[in-house]
>>> print(open('upload.cif').read())   # mmCIF, C-alpha atoms
data_run
loop_
_atom_site.group_PDB
_atom_site.id
_atom_site.type_symbol
_atom_site.label_atom_id
_atom_site.label_comp_id
_atom_site.auth_asym_id
_atom_site.auth_seq_id
_atom_site.Cartn_x
_atom_site.Cartn_y
_atom_site.Cartn_z
ATOM 1 C CA MET S 1 0.000 0.000 0.000
ATOM 2 C CA ILE S 2 1.343 3.417 -0.999
ATOM 3 C CA LYS S 3 0.646 6.321 1.345
ATOM 4 C CA LYS S 4 0.643 9.911 0.130
ATOM 5 C CA ARG S 5 0.875 13.315 1.804
ATOM 6 C CA GLU S 6 0.948 16.750 0.194
ATOM 7 C CA PHE S 7 1.323 20.282 1.576
ATOM 8 C CA LYS S 8 1.455 22.905 -1.143
ATOM 9 C CA GLU S 9 2.388 25.645 1.307
ATOM 10 C CA SER S 10 5.572 23.680 2.090
ATOM 11 C CA ASN S 11 6.268 22.734 -1.540
ATOM 12 C CA TYR S 12 6.083 19.100 -0.418
ATOM 13 C CA ARG S 13 4.747 15.776 -1.568
ATOM 14 C CA GLY S 14 5.653 12.556 0.212
ATOM 15 C CA LEU S 15 5.177 8.959 -0.905
ATOM 16 C CA TRP S 16 5.653 6.080 1.510
ATOM 17 C CA PHE S 17 5.941 2.425 0.502
ATOM 18 C CA LYS S 18 7.309 -0.546 2.451
ATOM 19 C CA GLY S 19 9.071 1.629 5.005
ATOM 20 C CA LYS S 20 10.740 3.943 2.492
ATOM 21 C CA THR S 21 9.828 7.593 1.904
ATOM 22 C CA ILE S 22 10.232 9.506 -1.342
ATOM 23 C CA ARG S 23 10.062 13.298 -0.996
ATOM 24 C CA ILE S 24 9.246 15.478 -3.982
ATOM 25 C CA ALA S 25 9.461 19.259 -4.233
ATOM 26 C CA LEU S 26 6.310 20.354 -6.067
ATOM 27 C CA ASP S 27 8.335 23.203 -7.560
ATOM 28 C CA PRO S 28 11.813 21.756 -8.192
ATOM 29 C CA SER S 29 13.308 25.267 -8.266
ATOM 30 C CA LYS S 30 12.369 25.841 -4.610
ATOM 31 C CA PRO S 31 13.241 23.955 -1.406
ATOM 32 C CA ILE S 32 10.836 21.993 0.757
ATOM 33 C CA THR S 33 10.010 24.054 3.853
ATOM 34 C CA GLU S 34 8.965 23.042 7.363
ATOM 35 C CA LEU S 35 5.848 20.892 7.524
ATOM 36 C CA LYS S 36 2.967 21.903 9.761
ATOM 37 C CA TYR S 37 2.282 18.185 10.177
ATOM 38 C CA PRO S 38 5.590 16.256 10.223
ATOM 39 C CA GLU S 39 5.959 13.021 8.311
ATOM 40 C CA PHE S 40 7.831 11.446 11.243
ATOM 41 C CA TYR S 41 7.508 11.791 15.027
ATOM 42 C CA ASP S 42 9.635 10.621 17.927
ATOM 43 C CA VAL S 43 7.053 9.869 20.612
ATOM 44 C CA ASP S 44 8.162 9.724 24.244
ATOM 45 C CA VAL S 45 5.935 7.338 26.211
ATOM 46 C CA PHE S 46 7.943 7.771 29.414
ATOM 47 C CA GLY S 47 8.194 11.522 29.822
ATOM 48 C CA THR S 48 11.075 13.870 30.554
ATOM 49 C CA GLU S 49 11.404 16.801 32.913
ATOM 50 C CA ILE S 50 13.870 19.349 34.233
ATOM 51 C CA ASP S 51 14.612 19.080 37.965
ATOM 52 C CA ILE S 52 15.161 22.006 40.360
ATOM 53 C CA ASN S 53 18.845 22.067 39.434
ATOM 54 C CA GLY S 54 18.074 22.371 35.730
ATOM 55 C CA LYS S 55 19.117 18.781 35.066
ATOM 56 C CA LEU S 56 17.253 16.745 32.479
ATOM 57 C CA ILE S 57 15.653 13.600 33.957
ATOM 58 C CA GLY S 58 14.333 10.900 31.666
ATOM 59 C CA GLY S 59 12.044 7.909 31.923
ATOM 60 C CA LEU S 60 12.344 4.204 32.640
ATOM 61 C CA CYS S 61 15.350 2.047 31.705
ATOM 62 C CA ASN S 62 17.595 -0.544 33.373
ATOM 63 C CA GLY S 63 20.548 0.048 31.050
ATOM 64 C CA LYS S 64 22.427 2.367 33.449
ATOM 65 C CA CYS S 65 24.339 3.960 30.566
ATOM 66 C CA SER S 66 26.779 6.479 32.041
ATOM 67 C CA TYR S 67 26.396 8.600 28.899
ATOM 68 C CA CYS S 68 22.574 8.653 28.685
ATOM 69 C CA TYR S 69 21.759 12.072 27.266
ATOM 70 C CA LEU S 70 18.202 11.840 28.647
ATOM 71 C CA SER S 71 19.265 10.580 32.103
ATOM 72 C CA ALA S 72 16.834 7.633 31.975
ATOM 73 C CA GLN S 73 16.355 6.109 35.412
ATOM 74 C CA VAL S 74 16.149 2.608 36.895
ATOM 75 C CA GLY S 75 12.726 2.531 38.547
ATOM 76 C CA GLY S 76 11.765 5.669 36.646
ATOM 77 C CA THR S 77 8.354 6.782 35.489
ATOM 78 C CA TYR S 78 6.157 6.209 32.472
ATOM 79 C CA VAL S 79 3.086 7.846 30.967
ATOM 80 C CA LYS S 80 0.215 5.786 32.374
ATOM 81 C CA ASP S 81 -2.412 7.022 29.898
ATOM 82 C CA ALA S 82 -0.160 6.856 26.848
ATOM 83 C CA VAL S 83 -2.684 4.953 24.701
ATOM 84 C CA LYS S 84 -5.426 7.530 25.329
ATOM 85 C CA LYS S 85 -3.091 10.436 24.659
ATOM 86 C CA ILE S 86 -1.938 8.874 21.388
ATOM 87 C CA LYS S 87 -5.545 8.426 20.255
ATOM 88 C CA ASP S 88 -6.475 11.966 21.308
ATOM 89 C CA TYR S 89 -3.495 13.537 19.522
ATOM 90 C CA PHE S 90 -3.253 11.562 16.277
ATOM 91 C CA GLY S 91 -6.857 10.345 16.007
ATOM 92 C CA PRO S 92 -8.431 13.675 14.899
ATOM 93 C CA MET S 93 -5.816 14.155 12.171
ATOM 94 C CA THR S 94 -6.814 13.544 8.573
ATOM 95 C CA GLU S 95 -5.038 10.855 6.580
ATOM 96 C CA ASN S 96 -2.957 13.584 4.931
ATOM 97 C CA GLN S 97 -1.975 15.060 8.301
ATOM 98 C CA ARG S 98 -0.977 11.831 10.017
ATOM 99 C CA PRO S 99 2.716 10.921 9.891
ATOM 100 C CA PHE S 100 3.946 7.986 7.887
ATOM 101 C CA GLN S 101 5.870 6.620 10.859
ATOM 102 C CA VAL S 102 6.664 7.119 14.536
ATOM 103 C CA ALA S 103 9.674 6.083 16.583
ATOM 104 C CA LEU S 104 9.267 4.949 20.190
ATOM 105 C CA PRO S 105 9.855 5.290 23.116
ATOM 106 C CA GLY S 106 11.729 8.573 23.589
ATOM 107 C CA SER S 107 13.391 8.284 26.987
ATOM 108 C CA GLY S 108 13.720 4.686 28.120
ATOM 109 C CA GLU S 109 13.509 1.007 27.184
ATOM 110 C CA PHE S 110 10.262 0.633 25.278
ATOM 111 C CA THR S 111 9.509 -2.979 26.265
ATOM 112 C CA MET S 112 9.423 -1.887 29.931
ATOM 113 C CA HIS S 113 6.275 0.180 29.387
ATOM 114 C CA PRO S 114 3.378 -2.005 30.650
ATOM 115 C CA ASP S 115 1.230 -1.014 27.646
ATOM 116 C CA TRP S 116 3.910 -1.257 24.973
ATOM 117 C CA ILE S 117 2.065 -3.808 22.833
ATOM 118 C CA GLU S 118 -1.201 -1.843 23.024
ATOM 119 C CA ILE S 119 0.743 1.302 22.046
ATOM 120 C CA LEU S 120 2.057 -0.431 18.925
ATOM 121 C CA LYS S 121 -1.434 -1.692 18.051
ATOM 122 C CA THR S 122 -2.932 1.783 18.547
ATOM 123 C CA PHE S 123 -0.558 3.355 16.034
ATOM 124 C CA LYS S 124 -1.061 0.506 13.575
ATOM 125 C CA ASP S 125 -4.846 0.899 13.810
ATOM 126 C CA LEU S 126 -4.442 4.613 13.051
ATOM 127 C CA GLY S 127 -2.570 3.781 9.849
ATOM 128 C CA ILE S 128 0.753 4.959 11.293
ATOM 129 C CA GLU S 129 3.768 2.637 11.150
ATOM 130 C CA PRO S 130 5.344 2.230 14.608
ATOM 131 C CA ASN S 131 9.029 1.494 15.111
ATOM 132 C CA TYR S 132 10.864 1.191 18.405
ATOM 133 C CA THR S 133 14.339 1.268 19.890
ATOM 134 C CA THR S 134 15.528 -1.312 22.419
ATOM 135 C CA ASN S 135 18.697 -2.063 24.349
ATOM 136 C CA GLY S 136 17.891 -5.787 24.195
ATOM 137 C CA MET S 137 17.474 -6.237 27.935
ATOM 138 C CA TRP S 138 14.176 -8.073 27.395
ATOM 139 C CA VAL S 139 16.158 -11.227 26.639
ATOM 140 C CA ASP S 140 16.867 -13.805 29.361
ATOM 141 C CA LEU S 141 20.588 -14.486 29.371
ATOM 142 C CA ASN S 142 20.004 -17.533 31.601
ATOM 143 C CA SER S 143 17.719 -19.246 29.075
ATOM 144 C CA SER S 144 18.725 -22.116 26.806
ATOM 145 C CA GLY S 145 20.214 -19.695 24.265
ATOM 146 C CA GLY S 146 19.506 -19.589 20.568
ATOM 147 C CA ILE S 147 15.834 -20.498 21.066
ATOM 148 C CA PRO S 148 13.486 -17.790 22.407
ATOM 149 C CA THR S 149 11.662 -18.471 25.663
ATOM 150 C CA GLU S 150 7.879 -18.058 25.804
ATOM 151 C CA GLU S 151 8.217 -14.463 27.050
ATOM 152 C CA GLU S 152 10.849 -13.615 24.450
ATOM 153 C CA GLN S 153 8.627 -15.045 21.726
ATOM 154 C CA LYS S 154 5.826 -12.688 22.840
ATOM 155 C CA VAL S 155 8.143 -9.737 22.159
ATOM 156 C CA LEU S 156 9.074 -11.085 18.739
ATOM 157 C CA ASP S 157 5.474 -11.904 17.769
ATOM 158 C CA ALA S 158 4.139 -8.458 18.763
ATOM 159 C CA THR S 159 7.022 -6.743 16.983
ATOM 160 C CA LYS S 160 6.499 -8.687 13.759
ATOM 161 C CA LYS S 161 2.727 -8.116 13.865
ATOM 162 C CA TYR S 162 2.706 -4.361 14.442
ATOM 163 C CA CYS S 163 6.100 -2.837 13.634
ATOM 164 C CA GLY S 164 7.708 -1.676 10.430
ATOM 165 C CA GLY S 165 11.080 -2.282 12.027
ATOM 166 C CA ILE S 166 13.133 -1.867 15.168
ATOM 167 C CA ALA S 167 16.470 -0.427 16.193
ATOM 168 C CA VAL S 168 18.846 -2.117 18.624
ATOM 169 C CA SER S 169 21.206 0.135 20.576
ATOM 170 C CA CYS S 170 24.719 -1.325 20.636
ATOM 171 C CA HIS S 171 25.851 -0.254 24.099
ATOM 172 C CA PRO S 172 29.242 -1.838 24.899
ATOM 173 C CA HIS S 173 28.327 -2.728 28.502
ATOM 174 C CA LEU S 174 25.130 -4.457 27.290
ATOM 175 C CA PHE S 175 26.896 -6.480 24.585
ATOM 176 C CA GLU S 176 25.429 -9.843 25.626
ATOM 177 C CA TYR S 177 21.878 -8.494 25.615
ATOM 178 C CA TRP S 178 21.858 -6.650 22.315
ATOM 179 C CA THR S 179 23.698 -9.367 20.389
ATOM 180 C CA VAL S 180 21.206 -12.032 21.506
ATOM 181 C CA ALA S 181 18.274 -9.705 20.749
ATOM 182 C CA THR S 182 19.644 -8.886 17.297
ATOM 183 C CA ASN S 183 20.013 -12.556 16.448
ATOM 184 C CA PHE S 184 16.430 -13.225 17.608
ATOM 185 C CA TYR S 185 15.075 -10.390 15.442
ATOM 186 C CA HIS S 186 17.083 -11.674 12.483
ATOM 187 C CA GLN S 187 15.802 -15.230 12.926
ATOM 188 C CA ALA S 188 12.225 -13.897 13.111
ATOM 189 C CA GLY S 189 12.619 -11.972 9.842
ATOM 190 C CA ILE S 190 12.085 -8.582 11.487
ATOM 191 C CA LYS S 191 13.602 -5.516 9.822
ATOM 192 C CA THR S 192 16.417 -4.501 12.144
ATOM 193 C CA ASN S 193 18.773 -1.535 12.355
ATOM 194 C CA LEU S 194 21.682 -1.126 14.739
ATOM 195 C CA HIS S 195 22.195 2.191 16.536
ATOM 196 C CA ILE S 196 25.833 2.937 17.297
ATOM 197 C CA ILE S 197 26.981 5.951 19.288
ATOM 198 C CA ILE S 198 30.017 7.636 17.761
ATOM 199 C CA SER S 199 32.465 9.789 19.687
ATOM 200 C CA ASP S 200 36.180 9.008 19.960
ATOM 201 C CA LYS S 201 38.513 6.696 18.033
ATOM 202 C CA GLU S 202 37.645 3.719 20.251
ATOM 203 C CA SER S 203 33.921 4.015 19.489
ATOM 204 C CA ILE S 204 34.659 4.196 15.756
ATOM 205 C CA ASP S 205 36.856 1.086 15.931
ATOM 206 C CA ASP S 206 34.027 -0.678 17.794
ATOM 207 C CA PHE S 207 31.636 0.283 14.986
ATOM 208 C CA LYS S 208 33.936 -1.333 12.411
ATOM 209 C CA ILE S 209 33.875 -4.621 14.361
ATOM 210 C CA ILE S 210 30.090 -4.519 14.714
ATOM 211 C CA TYR S 211 29.705 -3.761 11.004
ATOM 212 C CA ASP S 212 31.846 -6.728 9.976
ATOM 213 C CA ASN S 213 29.987 -9.105 12.296
ATOM 214 C CA PHE S 214 26.410 -8.015 11.563
ATOM 215 C CA LYS S 215 26.314 -6.630 8.015
ATOM 216 C CA ASP S 216 24.622 -9.796 6.767
ATOM 217 C CA LYS S 217 22.001 -9.789 9.541
ATOM 218 C CA VAL S 218 20.671 -6.229 9.704
ATOM 219 C CA ASP S 219 19.305 -3.639 7.282
ATOM 220 C CA TYR S 220 21.138 -0.478 8.361
ATOM 221 C CA PHE S 221 23.795 0.765 10.732
ATOM 222 C CA VAL S 222 22.627 4.108 12.093
ATOM 223 C CA LEU S 223 25.494 6.231 13.404
ATOM 224 C CA LEU S 224 24.474 8.595 16.182
ATOM 225 C CA PRO S 225 26.726 11.370 17.514
ATOM 226 C CA TYR S 226 27.448 11.265 21.246
ATOM 227 C CA GLY S 227 25.151 13.699 23.060
ATOM 228 C CA ASN S 228 26.733 16.100 25.549
ATOM 229 C CA GLN S 229 23.699 16.484 27.806
ATOM 230 C CA GLY S 230 21.893 14.572 30.554
ATOM 231 C CA ARG S 231 24.387 12.607 32.656
ATOM 232 C CA ALA S 232 26.854 12.258 29.787
ATOM 233 C CA LYS S 233 30.331 13.650 30.355
ATOM 234 C CA HIS S 234 31.640 15.865 27.576
ATOM 235 C CA LYS S 235 33.203 14.142 24.581
ATOM 236 C CA ASP S 236 34.164 15.382 21.125
ATOM 237 C CA ILE S 237 33.253 13.632 17.892
ATOM 238 C CA ASP S 238 36.319 12.486 15.936
ATOM 239 C CA TRP S 239 34.689 13.225 12.576
ATOM 240 C CA GLU S 240 37.921 13.235 10.603
ATOM 241 C CA TYR S 241 38.814 9.729 11.783
ATOM 242 C CA LEU S 242 35.276 8.485 11.215
ATOM 243 C CA ILE S 243 35.167 9.389 7.531
ATOM 244 C CA THR S 244 38.460 7.536 6.941
ATOM 245 C CA GLN S 245 37.094 4.368 8.548
ATOM 246 C CA LEU S 246 33.720 4.072 6.839
ATOM 247 C CA PRO S 247 33.273 0.952 4.674
ATOM 248 C CA GLU S 248 33.672 1.385 0.937
ATOM 249 C CA ASP S 249 30.125 0.128 0.433
ATOM 250 C CA GLN S 250 28.004 2.665 2.307
ATOM 251 C CA SER S 251 24.613 1.342 1.194
ATOM 252 C CA GLN S 252 23.846 0.100 4.714
ATOM 253 C CA LEU S 253 24.876 3.309 6.491
ATOM 254 C CA ALA S 254 22.592 6.009 7.846
ATOM 255 C CA PHE S 255 23.387 9.037 9.970
ATOM 256 C CA GLY S 256 21.423 10.383 12.900
ATOM 257 C CA ALA S 257 19.899 13.853 12.570
ATOM 258 C CA ASN S 258 22.512 15.428 14.841
ATOM 259 C CA PHE S 259 25.238 14.528 12.353
ATOM 260 C CA TYR S 260 23.689 17.078 9.993
ATOM 261 C CA PRO S 261 26.159 19.896 10.947
ATOM 262 C CA TYR S 262 29.057 17.564 10.081
ATOM 263 C CA LEU S 263 27.579 16.228 6.853
ATOM 264 C CA ILE S 264 26.616 19.647 5.519
ATOM 265 C CA LYS S 265 30.301 20.655 5.473
ATOM 266 C CA GLY S 266 30.788 18.344 2.525
ATOM 267 C CA ASN S 267 34.390 17.375 3.345
ATOM 268 C CA HIS S 268 33.671 13.701 2.747
ATOM 269 C CA GLY S 269 32.699 11.237 0.036
ATOM 270 C CA ILE S 270 29.468 10.173 1.722
ATOM 271 C CA LYS S 271 26.524 9.888 -0.660
ATOM 272 C CA ILE S 272 23.490 10.952 1.331
ATOM 273 C CA TYR S 273 20.386 13.087 0.866
ATOM 274 C CA LEU S 274 20.559 15.993 3.301
ATOM 275 C CA TYR S 275 17.793 18.073 4.784
ATOM 276 C CA GLU S 276 17.438 19.969 8.021
ATOM 277 C CA PRO S 277 15.881 17.317 10.303
ATOM 278 C CA GLU S 278 13.464 19.700 12.057
ATOM 279 C CA ILE S 279 11.724 20.403 8.735
ATOM 280 C CA LEU S 280 10.202 16.924 8.481
ATOM 281 C CA SER S 281 10.185 15.541 12.022
ATOM 282 C CA LYS S 282 9.339 16.469 15.618
ATOM 283 C CA PHE S 283 9.611 15.053 19.145
ATOM 284 C CA LEU S 284 6.346 14.634 21.082
ATOM 285 C CA ASP S 285 6.535 14.265 24.873
ATOM 286 C CA LEU S 286 3.311 12.532 25.926
ATOM 287 C CA LYS S 287 3.813 13.510 29.550
ATOM 288 C CA ASP S 288 3.133 17.219 28.959
ATOM 289 C CA MET S 289 1.947 16.923 25.331
ATOM 290 C CA LYS S 290 4.604 19.397 24.213
ATOM 291 C CA LEU S 291 6.182 19.284 20.778
ATOM 292 C CA TYR S 292 9.934 19.843 20.431
ATOM 293 C CA ASN S 293 12.277 19.962 17.452
ATOM 294 C CA SER S 294 14.062 16.914 18.792
ATOM 295 C CA SER S 295 14.880 15.133 22.058
ATOM 296 C CA PHE S 296 18.044 17.231 22.223
ATOM 297 C CA SER S 297 16.026 20.460 22.372
ATOM 298 C CA ILE S 298 13.973 19.625 25.472
ATOM 299 C CA ASN S 299 16.155 21.541 27.928
ATOM 300 C CA GLU S 300 16.987 24.446 25.644
#
>>> encode(input="upload.cif", output="structure tokens")
Amino acid sequence: MIKKREFKESNYRGLWFKGKTIRIALDPSKPITELKYPEFYDVDVFGTEIDINGKLIGGLCNGKCSYCYLSAQVGGTYVKDAVKKIKDYFGPMTENQRPFQVALPGSGEFTMHPDWIEILKTFKDLGIEPNYTTNGMWVDLNSSGGIPTEEEQKVLDATKKYCGGIAVSCHPHLFEYWTVATNFYHQAGIKTNLHIIISDKESIDDFKIIYDNFKDKVDYFVLLPYGNQGRAKHKDIDWEYLITQLPEDQSQLAFGANFYPYLIKGNHGIKIYLYEPEILSKFLDLKDMKLYNSSFSINE
């Protein structure tokens, strides 16, 4: 099924088919401008807030990443009426206004939300393709291995039924979890991308190893720049080293929106379509129902 959206005031037409979007400028001599109704939303089902010290506090996750830019918490919170809020926000939209896709969860580990399957079903019923990001900690490392347990199979079945695809975050300290999860998704025939955080030389060398080991099992490797906010300590992105270490075949590579300032410089041989990310996408925090340019702009 092909989905279509068109906003003449933004010089935009979008076509969506099998998870891929084609964007067309109605007047090729002019650029596409910001959409009143984005074609893609990040939807936070956990909620974020700024504490009394001005520190960003995120949602619910057991990953304990020292560099979490949203400061997601063990034993954190979640939006209890997420399903209702999703219906209230996206339900009144026309077919032309509704986004092609959404990414979940925002701040946390999506499978920890008690209503995560109902959330996926709600979006699917609205004609919106849901995708989610996971750190893989839903797997049981003490199970038989190689064969999903009953609970693990529930995750795989719901994902295959409702999702266009998923992204697995390749956190080094959660290596055992995300590698098992990735293999399960691959065995189940679920479209899978790997999210890899890029900062220093060591992180780039780690990416090369991951690429070599998983290039035949996943669809894309999405490179995300390290975020200097939340509880993350400051790090610089070694962009010059990164572009020398990219594989010759870049057909499986994608770059996170915050790499835009690096890519726009053009001092590389990367073949990629560039647009300012805030033009086509937004970040929706279901806790306060506020719309942000991205998850990085919450505490601005």
>>> resolve_selection(input="upload.cif", expression="the PyMOL selection byres ((chain S and resi 46) around 8)", output="number ranges by chain")
S: 44-45, 47-48, 58-60, 77-79, 105-108, 113, 286-287
>>> closest_residue(input="upload.cif", among="S:Met112, S:Ala188, S:Cys170, S:Val102", to="Ile128 (chain S)", atoms="all atoms listed in the file")
S:Val102
>>> residues_around(input="upload.cif", residues="Lys265 (chain S)", least_positions_apart="5", cutoff="12 Å", atoms="only C-alpha atoms", output="PyMOL selection string")
chain S and resi 239-240+259-260+270+274
>>> atom_distance(input="upload.cif", atom1="CA of Phe255 (chain S)", atom2="CA of Leu126 (chain S)")
28.3 Å
>>> residues_around(input="upload.cif", residues="Tyr41 (chain S)", least_positions_apart="2", cutoff="8 Å", atoms="only C-alpha atoms", output="NGL selection string")
:S and (38-39 or 43 or 99 or 101-103 or 281-284)
>>> atom_distance(input="upload.cif", atom1="CA of His173 (chain S)", atom2="CA of Ser66 (chain S)")
10.0 Å
>>> build_atoms(input="upload.cif", residues="region 116-132 of chain S", atoms="N, CA and C atoms", output="short mmCIF file (atom, residue, chain, number, x, y, z; two decimals), in the frame of the given file")
data_model
loop_
_atom_site.label_atom_id
_atom_site.label_comp_id
_atom_site.auth_asym_id
_atom_site.auth_seq_id
_atom_site.Cartn_x
_atom_site.Cartn_y
_atom_site.Cartn_z
N TRP S 116 3.15 -1.46 26.21
CA TRP S 116 3.91 -1.26 24.97
C TRP S 116 3.28 -1.95 23.77
N ILE S 117 2.69 -3.12 23.97
CA ILE S 117 2.06 -3.81 22.83
C ILE S 117 0.81 -3.07 22.40
N GLU S 118 0.01 -2.59 23.36
CA GLU S 118 -1.20 -1.84 23.02
C GLU S 118 -0.85 -0.53 22.33
N ILE S 119 0.28 0.08 22.71
CA ILE S 119 0.74 1.30 22.05
C ILE S 119 1.05 1.03 20.58
N LEU S 120 1.75 -0.06 20.31
CA LEU S 120 2.06 -0.43 18.92
C LEU S 120 0.77 -0.66 18.14
N LYS S 121 -0.17 -1.39 18.72
CA LYS S 121 -1.43 -1.69 18.05
C LYS S 121 -2.23 -0.41 17.76
N THR S 122 -2.20 0.52 18.71
CA THR S 122 -2.93 1.78 18.55
C THR S 122 -2.43 2.54 17.33
N PHE S 123 -1.12 2.67 17.21
CA PHE S 123 -0.56 3.36 16.03
C PHE S 123 -0.90 2.62 14.75
N LYS S 124 -0.78 1.30 14.77
CA LYS S 124 -1.06 0.51 13.58
C LYS S 124 -2.51 0.69 13.14
N ASP S 125 -3.43 0.72 14.12
CA ASP S 125 -4.85 0.90 13.81
C ASP S 125 -5.13 2.28 13.24
N LEU S 126 -4.29 3.26 13.57
CA LEU S 126 -4.44 4.61 13.05
C LEU S 126 -3.82 4.78 11.67
N GLY S 127 -3.21 3.71 11.16
CA GLY S 127 -2.57 3.78 9.85
C GLY S 127 -1.19 4.41 9.89
N ILE S 128 -0.58 4.40 11.09
CA ILE S 128 0.75 4.96 11.29
C ILE S 128 1.70 3.81 11.62
N GLU S 129 2.82 3.74 10.94
CA GLU S 129 3.77 2.64 11.15
C GLU S 129 4.62 2.89 12.39
N PRO S 130 4.50 2.05 13.43
CA PRO S 130 5.34 2.23 14.61
C PRO S 130 6.67 1.49 14.49
N ASN S 131 7.71 2.11 15.00
CA ASN S 131 9.03 1.49 15.11
C ASN S 131 9.52 1.77 16.53
N TYR S 132 10.37 0.91 17.06
CA TYR S 132 10.86 1.19 18.40
C TYR S 132 12.35 0.88 18.53
#
